[in-house]
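Here's target_0.tsv, which has TSV, C-alpha atoms:
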```
chain	number	residue	atom	x	y	z
I	1	MET	CA	-30.06	-13.34	-24.87
I	2	ASN	CA	-32.61	-12.77	-27.64
I	3	GLY	CA	-34.26	-16.14	-27.03
I	4	HIS	CA	-31.21	-18.20	-27.94
I	5	ALA	CA	-29.41	-20.68	-25.78
I	6	LEU	CA	-25.95	-19.35	-24.98
I	7	LEU	CA	-24.48	-22.63	-26.20
I	8	GLU	CA	-26.28	-25.49	-27.86
I	9	ALA	CA	-25.25	-28.91	-29.10
I	10	ARG	CA	-27.63	-30.61	-31.51
I	11	GLY	CA	-26.99	-34.29	-32.04
I	12	VAL	CA	-23.24	-33.91	-31.59
I	13	SER	CA	-21.17	-37.05	-32.23
I	14	VAL	CA	-17.44	-37.62	-32.08
I	15	ARG	CA	-15.92	-40.79	-33.51
I	16	PHE	CA	-12.33	-41.93	-33.27
I	17	GLY	CA	-12.01	-44.63	-35.91
I	18	GLY	CA	-14.52	-47.29	-34.90
I	19	LEU	CA	-15.05	-45.86	-31.41
I	20	VAL	CA	-18.03	-43.59	-30.86
I	21	ALA	CA	-16.87	-41.39	-27.95
I	22	VAL	CA	-19.89	-39.06	-28.10
I	23	ASP	CA	-23.08	-40.46	-29.56
I	24	SER	CA	-25.55	-37.88	-30.85
I	25	VAL	CA	-25.76	-35.72	-27.72
I	26	SER	CA	-28.07	-32.71	-27.65
I	27	ALA	CA	-27.99	-30.15	-24.84
I	28	ALA	CA	-28.75	-26.45	-24.54
I	29	PHE	CA	-27.26	-24.16	-21.92
I	30	ALA	CA	-28.99	-20.93	-20.95
I	31	ALA	CA	-27.41	-17.76	-19.57
I	32	GLY	CA	-26.61	-17.97	-15.87
I	33	GLU	CA	-27.03	-21.74	-15.56
I	34	LEU	CA	-24.76	-23.88	-13.38
I	35	VAL	CA	-24.76	-27.32	-14.98
I	36	GLY	CA	-22.79	-30.41	-14.04
I	37	ILE	CA	-21.82	-33.21	-16.41
I	38	ILE	CA	-21.18	-36.60	-14.83
I	39	GLY	CA	-20.69	-40.13	-16.07
I	40	PRO	CA	-18.51	-43.16	-15.42
I	41	ASN	CA	-14.95	-43.20	-16.76
I	42	GLY	CA	-14.94	-43.41	-20.55
I	43	ALA	CA	-18.44	-41.93	-20.77
I	44	GLY	CA	-17.24	-39.27	-23.23
I	45	LYS	CA	-17.39	-36.28	-20.86
I	46	THR	CA	-14.10	-34.65	-21.82
I	47	THR	CA	-14.60	-35.39	-25.54
I	48	PHE	CA	-18.02	-33.72	-25.38
I	49	PHE	CA	-16.40	-30.76	-23.60
I	50	ASN	CA	-13.72	-30.58	-26.26
I	51	ALA	CA	-16.44	-30.40	-28.90
I	52	LEU	CA	-18.28	-27.68	-26.94
I	53	SER	CA	-15.12	-25.54	-26.83
I	54	GLY	CA	-13.99	-26.09	-30.43
I	55	VAL	CA	-10.95	-28.14	-29.39
I	56	GLN	CA	-12.39	-31.30	-30.98
I	57	LEU	CA	-14.16	-31.28	-34.34
I	58	PRO	CA	-17.50	-33.13	-34.12
I	59	THR	CA	-17.95	-35.88	-36.71
I	60	GLY	CA	-21.70	-35.26	-36.65
I	61	GLY	CA	-24.26	-32.75	-35.40
I	62	GLU	CA	-24.26	-28.99	-34.99
I	63	LEU	CA	-23.02	-26.44	-32.45
I	64	PHE	CA	-24.48	-22.99	-31.91
I	65	ALA	CA	-23.38	-20.12	-29.67
I	66	ASP	CA	-26.01	-17.47	-29.14
I	67	GLY	CA	-27.89	-18.68	-32.18
I	68	ARG	CA	-24.80	-18.53	-34.41
I	69	ARG	CA	-23.64	-21.75	-36.04
I	70	LEU	CA	-20.19	-22.68	-34.77
I	71	THR	CA	-19.87	-26.21	-36.15
I	72	GLY	CA	-16.31	-26.72	-37.39
I	73	ALA	CA	-15.06	-23.33	-36.15
I	74	ALA	CA	-11.60	-23.03	-34.58
I	75	PRO	CA	-11.27	-22.64	-30.78
I	76	HIS	CA	-10.51	-18.91	-31.10
I	77	ARG	CA	-13.96	-18.36	-32.66
I	78	PHE	CA	-15.52	-20.01	-29.61
I	79	ALA	CA	-13.34	-17.80	-27.39
I	80	ALA	CA	-14.42	-14.71	-29.32
I	81	LEU	CA	-18.03	-15.59	-28.55
I	82	GLY	CA	-17.20	-15.81	-24.86
I	83	VAL	CA	-16.52	-19.52	-24.32
I	84	ALA	CA	-13.58	-20.24	-21.97
I	85	ARG	CA	-12.40	-23.53	-20.47
I	86	THR	CA	-9.96	-25.16	-18.11
I	87	PHE	CA	-8.21	-28.48	-18.71
I	88	GLN	CA	-7.82	-31.59	-16.55
I	89	THR	CA	-4.15	-30.81	-16.14
I	90	PRO	CA	-3.81	-27.12	-15.23
I	91	ARG	CA	-2.07	-25.27	-18.05
I	92	VAL	CA	-0.28	-22.49	-16.24
I	93	PHE	CA	3.08	-20.96	-17.14
I	94	GLY	CA	5.25	-22.18	-14.27
I	95	GLY	CA	8.10	-19.75	-14.89
I	96	LEU	CA	5.86	-16.68	-14.94
I	97	SER	CA	4.48	-14.99	-11.86
I	98	VAL	CA	0.88	-15.63	-10.86
I	99	ALA	CA	-0.01	-12.06	-11.92
I	100	ALA	CA	1.72	-12.50	-15.31
I	101	ASN	CA	-0.35	-15.64	-15.94
I	102	ILE	CA	-3.52	-13.61	-15.43
I	103	ASP	CA	-2.13	-10.87	-17.65
I	104	PHE	CA	-1.64	-13.47	-20.40
I	105	GLY	CA	-5.37	-14.20	-20.28
I	106	LEU	CA	-6.19	-10.49	-20.42
I	107	GLN	CA	-3.92	-9.96	-23.45
I	108	PHE	CA	-5.49	-12.96	-25.14
I	109	ALA	CA	-8.96	-11.48	-24.77
I	110	GLY	CA	-7.92	-8.07	-25.89
I	111	ARG	CA	-8.75	-5.77	-23.03
I	112	GLY	CA	-11.48	-4.29	-25.21
I	113	ARG	CA	-14.09	-6.92	-24.37
I	114	LYS	CA	-16.63	-5.40	-22.04
I	115	ALA	CA	-16.71	-7.12	-18.72
I	116	SER	CA	-17.73	-6.86	-15.13
I	117	TRP	CA	-15.68	-4.42	-13.05
I	118	LEU	CA	-14.71	-7.51	-11.04
I	119	LEU	CA	-12.55	-8.55	-14.02
I	120	LYS	CA	-11.07	-5.10	-14.60
I	121	ASP	CA	-7.38	-6.04	-14.26
I	122	GLU	CA	-4.94	-8.56	-12.76
I	123	ALA	CA	-5.45	-7.25	-9.23
I	124	SER	CA	-9.23	-7.54	-9.31
I	125	ILE	CA	-9.12	-11.06	-10.82
I	126	LEU	CA	-6.54	-12.24	-8.27
I	127	ASN	CA	-8.73	-10.81	-5.54
I	128	LEU	CA	-11.76	-12.63	-6.94
I	129	ILE	CA	-10.02	-16.04	-6.92
I	130	GLY	CA	-8.24	-15.42	-3.61
I	131	LEU	CA	-4.65	-15.37	-4.89
I	132	SER	CA	-3.71	-11.72	-4.24
I	133	ALA	CA	-1.06	-12.73	-1.71
I	134	GLN	CA	0.60	-15.03	-4.28
I	135	ALA	CA	0.67	-12.46	-7.13
I	136	ALA	CA	4.48	-12.17	-7.29
I	137	LEU	CA	5.27	-15.88	-6.86
I	138	PRO	CA	6.15	-18.01	-9.88
I	139	ALA	CA	3.15	-20.17	-10.76
I	140	ALA	CA	5.33	-23.27	-10.31
I	141	ALA	CA	5.78	-22.38	-6.63
I	142	ILE	CA	2.11	-22.36	-5.59
I	143	THR	CA	0.14	-25.41	-4.43
I	144	PRO	CA	-1.76	-27.66	-6.90
I	145	SER	CA	-5.10	-26.33	-5.61
I	146	GLN	CA	-3.86	-22.75	-6.11
I	147	GLN	CA	-2.75	-23.68	-9.64
I	148	ARG	CA	-6.31	-24.80	-10.35
I	149	LEU	CA	-7.59	-21.47	-9.05
I	150	LEU	CA	-5.03	-19.69	-11.22
I	151	GLU	CA	-6.21	-21.57	-14.28
I	152	ILE	CA	-9.78	-20.48	-13.52
I	153	GLY	CA	-8.43	-16.93	-13.16
I	154	MET	CA	-6.74	-17.17	-16.56
I	155	ALA	CA	-10.02	-18.34	-18.10
I	156	LEU	CA	-11.87	-15.46	-16.39
I	157	ALA	CA	-9.28	-13.01	-17.73
I	158	THR	CA	-10.58	-13.76	-21.24
I	159	ARG	CA	-13.85	-12.26	-19.92
I	160	PRO	CA	-16.07	-15.16	-20.89
I	161	ARG	CA	-19.83	-15.51	-20.76
I	162	LEU	CA	-19.57	-19.26	-20.49
I	163	LEU	CA	-17.00	-21.17	-18.46
I	164	LEU	CA	-16.28	-24.87	-19.04
I	165	LEU	CA	-14.60	-26.48	-16.04
I	166	ASP	CA	-12.91	-29.84	-16.58
I	167	GLU	CA	-12.39	-31.66	-13.26
I	168	VAL	CA	-11.18	-28.63	-11.32
I	169	ALA	CA	-11.66	-30.55	-8.06
I	170	ALA	CA	-9.41	-33.46	-9.06
I	171	GLY	CA	-6.76	-34.20	-6.44
I	172	LEU	CA	-8.07	-31.65	-3.95
I	173	THR	CA	-8.92	-32.39	-0.33
I	174	GLU	CA	-12.58	-32.37	0.65
I	175	ALA	CA	-12.22	-28.94	2.24
I	176	GLU	CA	-10.52	-27.58	-0.90
I	177	VAL	CA	-13.22	-29.10	-3.10
I	178	ASP	CA	-15.88	-27.39	-0.99
I	179	SER	CA	-14.28	-23.99	-1.18
I	180	MET	CA	-13.69	-24.47	-4.93
I	181	ALA	CA	-17.40	-25.27	-5.40
I	182	GLN	CA	-18.41	-22.23	-3.35
I	183	LEU	CA	-16.09	-20.05	-5.44
I	184	ILE	CA	-17.62	-21.40	-8.66
I	185	ARG	CA	-21.11	-20.58	-7.43
I	186	ARG	CA	-20.01	-17.11	-6.39
I	187	LEU	CA	-18.36	-16.46	-9.76
I	188	ARG	CA	-21.54	-17.55	-11.51
I	189	ASP	CA	-23.63	-15.22	-9.35
I	190	GLU	CA	-21.35	-12.19	-9.37
I	191	LEU	CA	-20.23	-12.36	-12.99
I	192	ASP	CA	-23.52	-13.64	-14.38
I	193	LEU	CA	-21.64	-16.54	-15.98
I	194	THR	CA	-22.95	-19.76	-17.41
I	195	VAL	CA	-20.89	-22.60	-15.94
I	196	ILE	CA	-20.67	-26.17	-17.25
I	197	TRP	CA	-18.69	-28.33	-14.88
I	198	ILE	CA	-17.44	-31.90	-15.39
I	199	GLU	CA	-16.38	-33.65	-12.23
I	200	HIS	CA	-15.49	-37.13	-11.17
I	201	ALA	CA	-16.42	-36.36	-7.55
I	202	VAL	CA	-20.14	-36.85	-8.16
I	203	THR	CA	-21.27	-36.15	-4.61
I	204	THR	CA	-19.71	-32.67	-4.60
I	205	LEU	CA	-21.04	-31.81	-8.01
I	206	LEU	CA	-24.61	-32.83	-7.19
I	207	ARG	CA	-24.52	-30.69	-4.07
I	208	TYR	CA	-23.64	-27.52	-5.93
I	209	VAL	CA	-25.11	-27.58	-9.44
I	210	GLU	CA	-28.73	-26.89	-10.37
I	211	ARG	CA	-28.90	-29.22	-13.32
I	212	VAL	CA	-27.05	-32.42	-14.19
I	213	ILE	CA	-26.43	-34.12	-17.52
I	214	VAL	CA	-25.39	-37.76	-17.32
I	215	LEU	CA	-23.38	-39.37	-20.10
I	216	HIS	CA	-22.89	-43.12	-20.40
I	217	HIS	CA	-21.04	-44.80	-23.28
I	218	GLY	CA	-21.15	-41.44	-25.07
I	219	ARG	CA	-24.95	-41.15	-24.87
I	220	LYS	CA	-26.96	-38.69	-22.80
I	221	ILE	CA	-29.04	-40.82	-20.43
I	222	ALA	CA	-30.37	-38.07	-18.14
I	223	ASP	CA	-30.73	-34.30	-17.94
I	224	GLY	CA	-32.47	-32.80	-14.94
I	225	THR	CA	-32.16	-31.52	-11.39
I	226	PRO	CA	-29.81	-33.43	-9.06
I	227	ALA	CA	-32.85	-34.76	-7.18
I	228	GLU	CA	-34.37	-36.17	-10.39
I	229	VAL	CA	-31.12	-37.60	-11.69
I	230	VAL	CA	-30.16	-39.55	-8.56
I	231	ARG	CA	-33.52	-41.33	-8.70
I	232	ASN	CA	-33.21	-42.22	-12.37
I	233	ALA	CA	-33.00	-46.01	-12.71
I	234	GLU	CA	-30.78	-45.89	-15.81
I	235	VAL	CA	-28.35	-43.57	-14.04
I	236	ILE	CA	-28.25	-45.73	-10.91
I	237	GLU	CA	-27.51	-48.77	-13.06
I	238	ALA	CA	-24.84	-47.02	-15.20
I	239	TYR	CA	-23.22	-45.63	-12.13
I	240	LEU	CA	-21.73	-47.16	-9.08
I	241	GLY	CA	-25.20	-47.85	-7.69
I	242	ASP	CA	-23.93	-47.49	-4.13
I	243	GLU	CA	-22.55	-44.01	-4.65
I	244	MET	CA	-25.83	-42.83	-6.19
I	245	ALA	CA	-27.91	-44.36	-3.39
I	246	GLU	CA	-25.72	-42.61	-0.85
I	247	VAL	CA	-26.17	-39.28	-2.66
I	248	ALA	CA	-29.93	-39.74	-2.95
I	249	ALA	CA	-30.16	-40.39	0.79
```

Produce structure tokens that represent the structure in this file.
Amino acid sequence: MNGHALLEARGVSVRFGGLVAVDSVSAAFAAGELVGIIGPNGAGKTTFFNALSGVQLPTGGELFADGRRLTGAAPHRFAALGVARTFQTPRVFGGLSVAANIDFGLQFAGRGRKASWLLKDEASILNLIGLSAQAALPAAAITPSQQRLLEIGMALATRPRLLLLDEVAAGLTEAEVDSMAQLIRRLRDELDLTVIWIEHAVTTLLRYVERVIVLHHGRKIADGTPAEVVRNAEVIEAYLGDEMAEVAA
């Protein structure tokens, strides 16, 4: 990693007219980290994510990937440097088979990018995300939780070094959320990925990540281990105090 953070935001701001959605947020993400981003609705989480993946142009601040300045670059430049992401609404091709969706990701990456043998081809990726049995089904025919897994598979097919997950647990049952979180940890471990995960289900996130960044009104109000963050007075106040107290206990 030659001493660089894999991805770094320095004082990143995003304004929409008079609204400051992200207010001078700095954060660095090292190789192999599993980091959660939480914050009340409207805290700027997805906008910050969009800036980190090149989908949204920051109105201030700088972005670096592996020490290279990426501020203002198009999303494909981020992808070329190994940044992949999912979206709140799974973007799968409903008419294509599950395997063809994965193949789309592989084509997008150019199969040339060196990657773990676990990401060798469609079959190995489907095996990794547990969708081998659904390979021939149209993506529209699988369950919503399987569509989320498929979207993660499509992101993995681009052979990323850093995976940005945007509310992949939304709408899942508690059991599904748990197995999703376990899968994410396993992917991080086996593929040596850096994972940055936004989730509304705070309790789940805090149980599985090693570091948490808390955004509130677009500002970063905390950045630390789950244990530190749940005891942070500003976080408790910004958040549904009860939910935080319950997590801390």

### Task
Could you please determine the separation between CA of Leu137 (chain I) and CA of Met180 (chain I) in Å, to one decimal place?
20.9 Å

### Message
I'd like the contact shell of region 122-136 of chain I - 10 Å cut-off, all atoms listed in the file, skipping same-chain residues fewer than 4 positions apart - returned as an NGL selection string.
### Response
:I and (96-106 or 117-118 or 141-142 or 146-147 or 149-154 or 156-157 or 180 or 183-184 or 186-187 or 190)

### Task
Find the residue from I:Lys45, I:Arg68, I:Arg148, I:Arg77 that sits nearest to Thr89 (chain I); use only C-alpha atoms when measuring.
I:Arg148

### Task
Please work out which residues fall within 10 Å of (-25.0, -14.4, -31.5), coordinates as given in the file, with all atoms listed in the file counting, and return them as a ChimeraX atom specification.
/I:1-2,4-7,64-69,81

### Task
Name the residues in contact with Glu62 (chain I) at a cut-off of 9 Å, using only C-alpha atoms, excluding same-chain residues fewer than 4 positions from it; report them as a ChimeraX atom specification.
/I:8-12,58,69-72
